[in-house]
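Visitor: Input: one structure, supplied below.
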Amino acid sequence: MSPHNDSAMPAGRMPGHLYATLCVAALLTAGCPLPDRSGANNGQPAADTSATLPCNDASRTCTQRYIQRASGCASSANSGNKQNDDAARQCALENYGAALKHVPATGADDLRTDALIGLADSLKAIRDNAAPQTDKTSVVKALDSTISTLDTSPGGRPYAQYFRADELTVAGRDESLPQNEACARLTQARSTLANTGTDAKLSGRVNSLRDSIDFFLQKRRCE
């Protein structure tokens with residue numbers, strides 16, 4: 001996977017490392033070919049675009065292998081080196097997308113939900129770490145589509161609500177918004193977050209996001 005320098009991109013253009021976001025909606029219906037630029041030993045993203053795919057059959061085992069590769073890539077995306085971290089996030093995105101393409105028709109709803117959660121996390125990470133001048137429209141649309149699918153996936157609704165609350169928080173903390181609009185989004189985010197339930201795996205993230213929402217509610221002097 002070729003690393004990309006966002007700072008060299010003119011405003012309004014999408015960096016190369018966001019390529020796969022154009023295919024996310026199609027990935028959910030297995031309609032878009034996925035370039036093989038992902039995964040390697042020890043969870044490190046591979047630079048070799050000809051690396052062999054781990055499997056090509058619709059099975060639980062194959063789906064799990066892609067999810068494991070994606071997780072390894074995601075966990076290596078905090079090195080502090082922007083090019084390497086962008087590459088790792090792209091690697092995670094592509095492998096979670098590939099996992100969805102290899103989910104068997106029956107008996108793997110849990111894996112589909114896991115892959116959707118990972119895909120949403122990957123898109124969120126790309127959105128949050130994109131350069132300020134980057135056009136994030138395609139990323140946001142892909143994230144919205146993924147959240148909608150996750151919302152109807154078995155066990156996925158609490159996670160969908162978390163990601164929706166996060167999107168509303170990002171929108172609400174935009175300092176260019178008038179106070180009333182920012183407060184409306186942040187208040188809606190707080191309400192949406194309350195619908196995540198008591199999922200133990202989510203509790204830490206929910207608490208962190210709630211603290212962030214409360215901070216911005218206070219900062220914008222929302223009543």
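Residues are referred to by chain and number: the chain letter is A, B, ... according to the order shown in the structure tokens, the number counts from 1 in that chain, and ligands are numbered separately from 1 in the order shown.
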List the spatial neighbours of Gln64 of chain A as a list in words - criterion: any atom at most 10 Å away, only C-alpha atoms, same-chain residues fewer than 3 positions off excluded.

Guide: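 Close residues of Gln64 of chain A: Ser59, Arg60, Thr61, Ile67, Gln68, Arg69, Ala70, Tyr96, Ala99, His102, Val103, Leu111, Arg112, Asp114 and Ala115 of chain A.
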
Visitor: Compile the contact shell of Phe163 of chain A as a PDB file with C-alpha atoms, in the first residue's frame: residues with an atom at most 8 Å away, counting only C-alpha atoms, same-chain residues fewer than 3 positions apart removed.

Guide:
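selection_32.pdb, written as the output of this step:
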ATOM      1  CA  ALA A 120     -17.406   1.872  10.864  1.00  0.00           C
ATOM      2  CA  ILE A 147     -24.119   2.663  10.314  1.00  0.00           C
ATOM      3  CA  TYR A 159     -22.972   0.259  18.130  1.00  0.00           C
ATOM      4  CA  ALA A 160     -24.949   2.038  15.418  1.00  0.00           C
ATOM      5  CA  ASP A 166     -20.300  10.407  17.462  1.00  0.00           C
ATOM      6  CA  GLU A 167     -21.296  11.861  14.076  1.00  0.00           C
TER       7      GLU A 167
END

Visitor: When distances are computed from only C-alpha atoms, which of A:Asp135, A:Glu223, A:Glu94, A:Asp109 shows the smallest separation from Leu186 of chain A?

Guide: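 Closest to Leu186 of chain A of all the choices is A:Glu223.
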
Visitor: Mind checking which residues fall within 12 Å of Phe215 of chain A, counting only C-alpha atoms, ignoring those fewer than 3 positions away in the same chain, and posting them as a PyMOL selection string?

Guide: chain A and resi 169+172-173+183+186-187+190+208-212+218-222

Visitor: Can I get the selected residues back with C-alpha atoms, as a PDB file, in the first residue's frame?

Guide:
ATOM      1  CA  THR A 169     -20.897  15.318  18.188  1.00  0.00           C
ATOM      2  CA  GLY A 172     -22.012  19.934  16.850  1.00  0.00           C
ATOM      3  CA  ARG A 173     -18.488  20.940  17.762  1.00  0.00           C
ATOM      4  CA  CYS A 183     -26.504  22.942  20.728  1.00  0.00           C
ATOM      5  CA  LEU A 186     -24.971  18.101  20.734  1.00  0.00           C
ATOM      6  CA  THR A 187     -28.226  17.626  22.619  1.00  0.00           C
ATOM      7  CA  ARG A 190     -26.480  13.075  24.131  1.00  0.00           C
ATOM      8  CA  SER A 208     -15.661   8.918  26.855  1.00  0.00           C
ATOM      9  CA  LEU A 209     -18.025  10.258  24.199  1.00  0.00           C
ATOM     10  CA  ARG A 210     -20.498  11.403  26.861  1.00  0.00           C
ATOM     11  CA  ASP A 211     -17.727  13.388  28.551  1.00  0.00           C
ATOM     12  CA  SER A 212     -16.830  14.945  25.197  1.00  0.00           C
ATOM     13  CA  GLN A 218     -20.651  23.639  28.271  1.00  0.00           C
ATOM     14  CA  LYS A 219     -18.250  25.275  25.826  1.00  0.00           C
ATOM     15  CA  ARG A 220     -21.105  26.406  23.574  1.00  0.00           C
ATOM     16  CA  ARG A 221     -23.102  27.458  26.644  1.00  0.00           C
ATOM     17  CA  CYS A 222     -26.028  25.261  25.720  1.00  0.00           C
TER      18      CYS A 222
END
